Amino acid sequence: VRVDFNMTYEEVIKIIQEEFFTDEKLHYICTTNPEFIMEAQKDEFFKKIINNSDLSTADGYGVILAKKYLEDLQGKDASTIEALVKGVLLGVNELFKKDKVDERITGVELTEKICEMCSKTGKNVFLLGGWPKDKWGRKLPMYEDFATETANVLKKKYPGLKVVGATSKFSWKEQDDVETIGYIKKKMIESNVNNIDVLFVAYNHGKQERWIVRNNNKIPAKLSMGVGGTFDYISGHYVKNPTFFEKNHLSWFFRLITQPHRFKRVTNAFPKFPLAVYRSVINK
């Protein structure tokens, strides 16, 4: 699975401004985390979507540490025990700040920075999808369209941000595509724009990326990005990770405590993902 490492938010924003917004192509970004990589092992089409993306950023310290782990063992004929010890020590060193790792690019922060850039440069955005859930994963009734609610928060935070439209009315399923695209084009006509500069799609990983590759050329959208649960955090529905958990790379643990419905997804990131990386080494 392709991941573009050693990138900062500033570098990603520069690529978007100087490359994606200036050529005639349509682009999409994948914020690739351990869940993406685990899903890609079972789904070749999803793996192809990630590998064909214009940027596949490293979303999660697990991905970054896996890269470092594999680099440390490259060209070495490590025993089963040696490979295990190296992996454990790498994790312990990171926990106690003894080993610096590359900067990760999270979907939430990248969405915020893209919106900030758009507010300063006159670019427009469209928000699609999203639905609030309680901590057990049950959908909550929306007093306002969730994407619209998120858009209102972003407009207050980034004055001048041009939001062509926002809607959570439609699903990711192909049977809804015609109605969804029709709604987006209606909003484009109302806003007097010929294209969407940035389309944020919040249908959870896999589903949102499939929607993008099916539809971004029909809108068109210069840049599309699947953002998963980003609307939950921007709108304030979920609390962002406290500094302690963030600094100690324990975001997964905080999410497990506050959002028990994520149990299966969290276990994919830890311990299943590091174990899969370990097995890939000893099974060579």
# chains A, B, ... in the order shown; residues from 1 in each chain; ligands from 1
$ select_by_dssp --residues "range 79-215 of chain A" --states "strand (DSSP E)" --output "PyMOL selection string"
chain A and resi 124-129+162-167+196-202
$ residues_around --residues "range 209-224 of chain A" --least-positions-apart "2" --cutoff "8 Å" --atoms "only C-alpha atoms" --output "MDAnalysis selection string"
chainID A and resid 20:21 25:30 46 49 172:174 177 181 184:185 195:201 205:207 226
$ write_last_selection --atoms "C-alpha atoms" --output "compact mmCIF listing (two decimals), in the first residue's frame"
# COMPACT_ATOMS: atom_id res chain seq x y z
CA PHE A 20 -3.63 20.46 -8.04
CA PHE A 21 -5.27 23.85 -8.50
CA LYS A 25 -6.63 17.23 -13.92
CA LEU A 26 -8.97 16.13 -11.13
CA HIS A 27 -7.24 14.95 -7.95
CA TYR A 28 -8.00 13.05 -4.77
CA ILE A 29 -6.19 12.52 -1.49
CA CYS A 30 -6.28 9.46 0.78
CA PHE A 46 -9.58 -0.41 -2.41
CA ILE A 49 -7.75 3.37 -5.12
CA TRP A 172 -22.63 6.56 -0.37
CA LYS A 173 -24.50 3.89 -2.31
CA GLU A 174 -24.38 3.97 -6.10
CA ASP A 177 -25.42 8.90 -7.09
CA ILE A 181 -24.81 14.73 -8.18
CA ILE A 184 -24.47 19.29 -5.97
CA LYS A 185 -24.91 20.71 -9.49
CA ASN A 195 -16.51 23.51 -10.59
CA ILE A 196 -15.97 22.58 -6.96
CA ASP A 197 -12.45 23.39 -5.81
CA VAL A 198 -12.46 21.04 -2.80
CA LEU A 199 -15.00 18.31 -2.08
CA PHE A 200 -14.95 16.76 1.41
CA VAL A 201 -16.72 13.38 1.52
CA HIS A 205 -13.16 4.80 4.89
CA GLY A 206 -13.59 2.67 1.82
CA LYS A 207 -17.12 3.88 1.09
CA GLY A 226 -12.51 11.35 2.12
$ residues_around --residues "Thr167 in chain A" --least-positions-apart "6" --cutoff "12 Å" --atoms "only C-alpha atoms" --output "list in words"
Phe126, Leu127, Leu128, Gly129, Gly130, Trp131, Met142, Glu144, Asp145, Phe146, Ala147, Thr148, Glu149, Thr150, Ala151, Asn152, Glu179, Thr180, Ile181, Tyr183, Ile184, Lys187, Leu199, Phe200, Val201, Ala202, Tyr203 and Phe231 of chain A
$ write_last_selection --atoms "C-alpha atoms" --output "PDB file, in the first residue's frame"
ATOM      1  CA  PHE A 126     -18.522  21.436  -0.663  1.00  0.00           C
ATOM      2  CA  LEU A 127     -19.252  19.162   2.313  1.00  0.00           C
ATOM      3  CA  LEU A 128     -20.948  15.820   1.647  1.00  0.00           C
ATOM      4  CA  GLY A 129     -22.095  13.129   4.069  1.00  0.00           C
ATOM      5  CA  GLY A 130     -21.662  12.702   7.791  1.00  0.00           C
ATOM      6  CA  TRP A 131     -24.142  11.723  10.478  1.00  0.00           C
ATOM      7  CA  MET A 142     -30.309  15.715  13.376  1.00  0.00           C
ATOM      8  CA  GLU A 144     -29.934  20.464  11.393  1.00  0.00           C
ATOM      9  CA  ASP A 145     -28.217  18.831   8.447  1.00  0.00           C
ATOM     10  CA  PHE A 146     -24.907  17.629   9.939  1.00  0.00           C
ATOM     11  CA  ALA A 147     -22.754  18.697   6.984  1.00  0.00           C
ATOM     12  CA  THR A 148     -24.460  22.112   7.041  1.00  0.00           C
ATOM     13  CA  GLU A 149     -23.818  22.390  10.769  1.00  0.00           C
ATOM     14  CA  THR A 150     -20.136  21.629  10.166  1.00  0.00           C
ATOM     15  CA  ALA A 151     -19.987  24.129   7.294  1.00  0.00           C
ATOM     16  CA  ASN A 152     -21.390  26.855   9.556  1.00  0.00           C
ATOM     17  CA  GLU A 179     -29.710  12.363  -6.946  1.00  0.00           C
ATOM     18  CA  THR A 180     -26.539  13.361  -5.079  1.00  0.00           C
ATOM     19  CA  ILE A 181     -24.812  14.733  -8.179  1.00  0.00           C
ATOM     20  CA  TYR A 183     -28.134  18.245  -5.791  1.00  0.00           C
ATOM     21  CA  ILE A 184     -24.475  19.295  -5.970  1.00  0.00           C
ATOM     22  CA  LYS A 187     -25.944  24.227  -5.609  1.00  0.00           C
ATOM     23  CA  LEU A 199     -15.001  18.311  -2.084  1.00  0.00           C
ATOM     24  CA  PHE A 200     -14.955  16.765   1.406  1.00  0.00           C
ATOM     25  CA  VAL A 201     -16.719  13.381   1.521  1.00  0.00           C
ATOM     26  CA  ALA A 202     -17.628  11.881   4.923  1.00  0.00           C
ATOM     27  CA  TYR A 203     -18.887   8.335   4.332  1.00  0.00           C
ATOM     28  CA  PHE A 231     -17.315  16.474  10.711  1.00  0.00           C
TER      29      PHE A 231
END
$ closest_residue --among "A:Cys115, A:Ile189, A:Leu250, A:Val178" --to "Leu154 in chain A" --atoms "only C-alpha atoms"
A:Cys115
$ select_by_dssp --residues "range 7-214 of chain A" --states "helix (DSSP H, G or I)" --output "PyMOL selection string"
chain A and resi 9-20+34-42+44-51+61-73+80-95+107-121+146-157+174-191+207-214
$ closest_residue --among "A:Asn33, A:Gly87, A:Ser56, A:Ser79" --to "Pro274 in chain A" --atoms "only C-alpha atoms"
A:Gly87
$ closest_residue --among "A:Gln41, A:Asn51, A:Asn124, A:Thr32" --to "Gly107 in chain A" --atoms "only C-alpha atoms"
A:Thr32
$ atom_distance --atom1 "CA of Glu19 in chain A" --atom2 "CA of Leu55 in chain A"
11.7 Å
$ residues_around --residues "Val1 in chain A" --least-positions-apart "2" --cutoff "12 Å" --atoms "only C-alpha atoms" --output "number ranges by chain"
A: 3-4, 30, 32-53, 56-58, 63, 67
$ write_last_selection --atoms "N, CA, C and O atoms" --output "short mmCIF file (atom, residue, chain, number, x, y, z; two decimals), in the first residue's frame"
data_model
loop_
_atom_site.label_atom_id
_atom_site.label_comp_id
_atom_site.auth_asym_id
_atom_site.auth_seq_id
_atom_site.Cartn_x
_atom_site.Cartn_y
_atom_site.Cartn_z
N VAL A 3 2.21 4.85 0.64
CA VAL A 3 2.06 5.95 1.59
C VAL A 3 3.16 6.97 1.29
O VAL A 3 4.32 6.60 1.16
N ASP A 4 2.79 8.25 1.19
CA ASP A 4 3.77 9.30 0.93
C ASP A 4 4.24 9.87 2.28
O ASP A 4 3.56 10.67 2.90
N CYS A 30 -5.92 10.46 -0.23
CA CYS A 30 -6.28 9.46 0.78
C CYS A 30 -5.47 9.73 2.04
O CYS A 30 -4.25 9.90 1.96
N THR A 32 -4.21 7.88 4.67
CA THR A 32 -4.06 6.44 4.86
C THR A 32 -3.60 6.10 6.28
O THR A 32 -2.49 6.45 6.68
N ASN A 33 -4.46 5.42 7.01
CA ASN A 33 -4.14 5.00 8.37
C ASN A 33 -4.08 3.47 8.43
O ASN A 33 -4.28 2.80 7.42
N PRO A 34 -3.77 2.89 9.60
CA PRO A 34 -3.70 1.42 9.68
C PRO A 34 -4.96 0.71 9.22
O PRO A 34 -4.89 -0.37 8.62
N GLU A 35 -6.13 1.31 9.48
CA GLU A 35 -7.38 0.69 9.03
C GLU A 35 -7.44 0.59 7.51
O GLU A 35 -7.89 -0.42 6.96
N PHE A 36 -6.98 1.65 6.82
CA PHE A 36 -6.94 1.62 5.36
C PHE A 36 -6.07 0.45 4.89
O PHE A 36 -6.44 -0.28 3.98
N ILE A 37 -4.90 0.34 5.50
CA ILE A 37 -3.94 -0.68 5.06
C ILE A 37 -4.47 -2.08 5.33
O ILE A 37 -4.32 -2.98 4.49
N MET A 38 -5.10 -2.28 6.48
CA MET A 38 -5.67 -3.59 6.79
C MET A 38 -6.81 -3.93 5.83
O MET A 38 -6.93 -5.06 5.37
N GLU A 39 -7.65 -2.95 5.53
CA GLU A 39 -8.75 -3.16 4.60
C GLU A 39 -8.22 -3.49 3.20
O GLU A 39 -8.78 -4.34 2.49
N ALA A 40 -7.13 -2.83 2.82
CA ALA A 40 -6.55 -3.04 1.50
C ALA A 40 -5.98 -4.45 1.32
O ALA A 40 -5.83 -4.92 0.19
N GLN A 41 -5.65 -5.12 2.43
CA GLN A 41 -5.15 -6.49 2.33
C GLN A 41 -6.25 -7.45 1.87
O GLN A 41 -5.97 -8.50 1.29
N LYS A 42 -7.50 -7.07 2.13
CA LYS A 42 -8.64 -7.93 1.77
C LYS A 42 -9.35 -7.46 0.51
O LYS A 42 -10.13 -8.21 -0.06
N ASP A 43 -9.09 -6.22 0.12
CA ASP A 43 -9.84 -5.62 -0.99
C ASP A 43 -8.88 -4.99 -1.99
O ASP A 43 -8.37 -3.89 -1.79
N GLU A 44 -8.64 -5.69 -3.08
CA GLU A 44 -7.68 -5.22 -4.08
C GLU A 44 -8.13 -3.92 -4.74
O GLU A 44 -7.30 -3.08 -5.10
N PHE A 45 -9.44 -3.76 -4.91
CA PHE A 45 -9.93 -2.53 -5.54
C PHE A 45 -9.65 -1.32 -4.65
O PHE A 45 -9.25 -0.26 -5.13
N PHE A 46 -9.87 -1.49 -3.35
CA PHE A 46 -9.58 -0.41 -2.41
C PHE A 46 -8.08 -0.10 -2.39
O PHE A 46 -7.67 1.06 -2.35
N LYS A 47 -7.27 -1.15 -2.45
CA LYS A 47 -5.82 -0.95 -2.50
C LYS A 47 -5.43 -0.15 -3.75
O LYS A 47 -4.60 0.76 -3.70
N LYS A 48 -6.07 -0.46 -4.87
CA LYS A 48 -5.80 0.25 -6.12
C LYS A 48 -6.19 1.72 -5.99
O LYS A 48 -5.49 2.60 -6.50
N ILE A 49 -7.31 1.99 -5.32
CA ILE A 49 -7.75 3.37 -5.12
C ILE A 49 -6.68 4.16 -4.35
O ILE A 49 -6.33 5.27 -4.72
N ILE A 50 -6.18 3.58 -3.27
CA ILE A 50 -5.14 4.25 -2.48
C ILE A 50 -3.89 4.47 -3.31
O ILE A 50 -3.33 5.57 -3.35
N ASN A 51 -3.44 3.41 -3.99
CA ASN A 51 -2.18 3.49 -4.74
C ASN A 51 -2.26 4.42 -5.95
O ASN A 51 -1.24 4.93 -6.41
N ASN A 52 -3.46 4.65 -6.46
CA ASN A 52 -3.63 5.56 -7.60
C ASN A 52 -3.97 6.99 -7.18
O ASN A 52 -4.16 7.86 -8.04
N SER A 53 -4.07 7.24 -5.89
CA SER A 53 -4.39 8.58 -5.41
C SER A 53 -3.26 9.55 -5.73
O SER A 53 -2.11 9.14 -5.95
N SER A 56 -1.16 10.05 -0.82
CA SER A 56 -1.58 9.10 0.20
C SER A 56 -0.79 9.44 1.47
O SER A 56 0.34 9.00 1.65
N THR A 57 -1.39 10.28 2.30
CA THR A 57 -0.66 10.79 3.47
C THR A 57 -0.71 9.80 4.62
O THR A 57 -1.60 8.96 4.71
N ALA A 58 0.27 9.90 5.50
CA ALA A 58 0.38 8.99 6.65
C ALA A 58 -0.46 9.52 7.80
O ALA A 58 -0.06 10.43 8.51
N VAL A 63 1.31 3.91 11.25
CA VAL A 63 1.84 3.81 9.88
C VAL A 63 3.29 4.27 9.84
O VAL A 63 4.15 3.65 9.20
N LYS A 67 6.75 1.98 9.08
CA LYS A 67 7.76 2.32 8.08
C LYS A 67 9.16 2.26 8.69
O LYS A 67 10.10 1.67 8.12
#
$ atom_distance --atom1 "CA of Arg255 in chain A" --atom2 "CA of Lys272 in chain A"
16.7 Å
$ residues_around --residues "Ser251 in chain A" --least-positions-apart "2" --cutoff "12 Å" --atoms "only C-alpha atoms" --output "count of residues only"
26
$ atom_distance --atom1 "CA of Met117 in chain A" --atom2 "CA of Tyr233 in chain A"
19.2 Å
$ residues_around --residues "Lys86 in chain A" --least-positions-apart "4" --cutoff "12 Å" --atoms "only C-alpha atoms" --output "number ranges by chain"
A: 65-66, 68-73, 78-82, 90-93, 278, 281
$ write_last_selection --atoms "N, CA, C and O atoms" --output "CSV table (one decimal), in the first residue's frame"
chain,number,residue,atom,x,y,z
A,65,LEU,N,5.5,4.4,12.4
A,65,LEU,CA,6.3,3.5,13.1
A,65,LEU,C,6.6,2.2,12.3
A,65,LEU,O,7.6,1.6,12.4
A,66,ALA,N,5.5,1.7,11.6
A,66,ALA,CA,5.7,0.6,10.7
A,66,ALA,C,6.7,0.8,9.7
A,66,ALA,O,7.6,-0.1,9.4
A,68,LYS,N,9.3,2.8,9.9
A,68,LYS,CA,10.6,2.8,10.5
A,68,LYS,C,11.1,1.4,10.9
A,68,LYS,O,12.2,1.1,10.7
A,69,TYR,N,10.1,0.6,11.4
A,69,TYR,CA,10.4,-0.7,11.7
A,69,TYR,C,10.9,-1.5,10.5
A,69,TYR,O,11.9,-2.3,10.6
A,70,LEU,N,10.2,-1.4,9.4
A,70,LEU,CA,10.6,-2.1,8.2
A,70,LEU,C,11.9,-1.6,7.7
A,70,LEU,O,12.8,-2.4,7.2
A,71,GLU,N,12.2,-0.3,7.8
A,71,GLU,CA,13.5,0.2,7.4
A,71,GLU,C,14.6,-0.3,8.2
A,71,GLU,O,15.7,-0.7,7.7
A,72,ASP,N,14.4,-0.5,9.5
A,72,ASP,CA,15.4,-1.0,10.5
A,72,ASP,C,15.8,-2.4,10.1
A,72,ASP,O,16.9,-2.8,10.4
A,73,LEU,N,14.8,-3.2,9.6
A,73,LEU,CA,15.1,-4.6,9.3
A,73,LEU,C,15.4,-4.9,7.9
A,73,LEU,O,15.6,-6.0,7.5
A,78,ALA,N,16.7,-11.2,10.2
A,78,ALA,CA,16.4,-11.2,11.6
A,78,ALA,C,15.6,-12.4,12.0
A,78,ALA,O,14.8,-12.9,11.3
A,79,SER,N,15.9,-12.9,13.2
A,79,SER,CA,15.2,-14.1,13.7
A,79,SER,C,13.8,-13.6,14.2
A,79,SER,O,13.6,-12.5,14.3
A,80,THR,N,13.0,-14.6,14.5
A,80,THR,CA,11.6,-14.3,14.9
A,80,THR,C,11.7,-13.5,16.2
A,80,THR,O,10.9,-12.5,16.4
A,81,ILE,N,12.5,-13.9,17.1
A,81,ILE,CA,12.6,-13.2,18.4
A,81,ILE,C,13.2,-11.8,18.3
A,81,ILE,O,12.8,-10.8,18.8
A,82,GLU,N,14.3,-11.7,17.4
A,82,GLU,CA,14.9,-10.4,17.2
A,82,GLU,C,14.0,-9.4,16.6
A,82,GLU,O,13.9,-8.2,17.0
A,90,LEU,N,10.9,-0.3,19.7
A,90,LEU,CA,10.5,0.8,18.9
A,90,LEU,C,9.3,1.5,19.5
A,90,LEU,O,9.2,2.7,19.7
A,91,GLY,N,8.3,0.7,19.9
A,91,GLY,CA,7.1,1.2,20.5
A,91,GLY,C,7.4,1.9,21.8
A,91,GLY,O,6.9,2.9,22.1
A,92,VAL,N,8.2,1.2,22.6
A,92,VAL,CA,8.6,1.8,24.0
A,92,VAL,C,9.3,3.1,23.8
A,92,VAL,O,9.1,4.0,24.5
A,93,ASN,N,10.3,3.1,22.9
A,93,ASN,CA,11.1,4.3,22.7
A,93,ASN,C,10.2,5.5,22.3
A,93,ASN,O,10.4,6.6,22.8
A,278,TYR,N,4.6,-7.3,11.6
A,278,TYR,CA,5.6,-8.3,12.2
A,278,TYR,C,5.6,-9.6,11.4
A,278,TYR,O,6.6,-10.1,11.0
A,281,VAL,N,7.4,-9.6,8.1
A,281,VAL,CA,8.8,-9.7,8.2
A,281,VAL,C,9.3,-11.1,8.4
A,281,VAL,O,10.2,-11.6,7.7
$ closest_residue --among "A:Gly236, A:Pro260, A:Pro159, A:Gly182" --to "Gly122 in chain A" --atoms "only C-alpha atoms"
A:Pro159
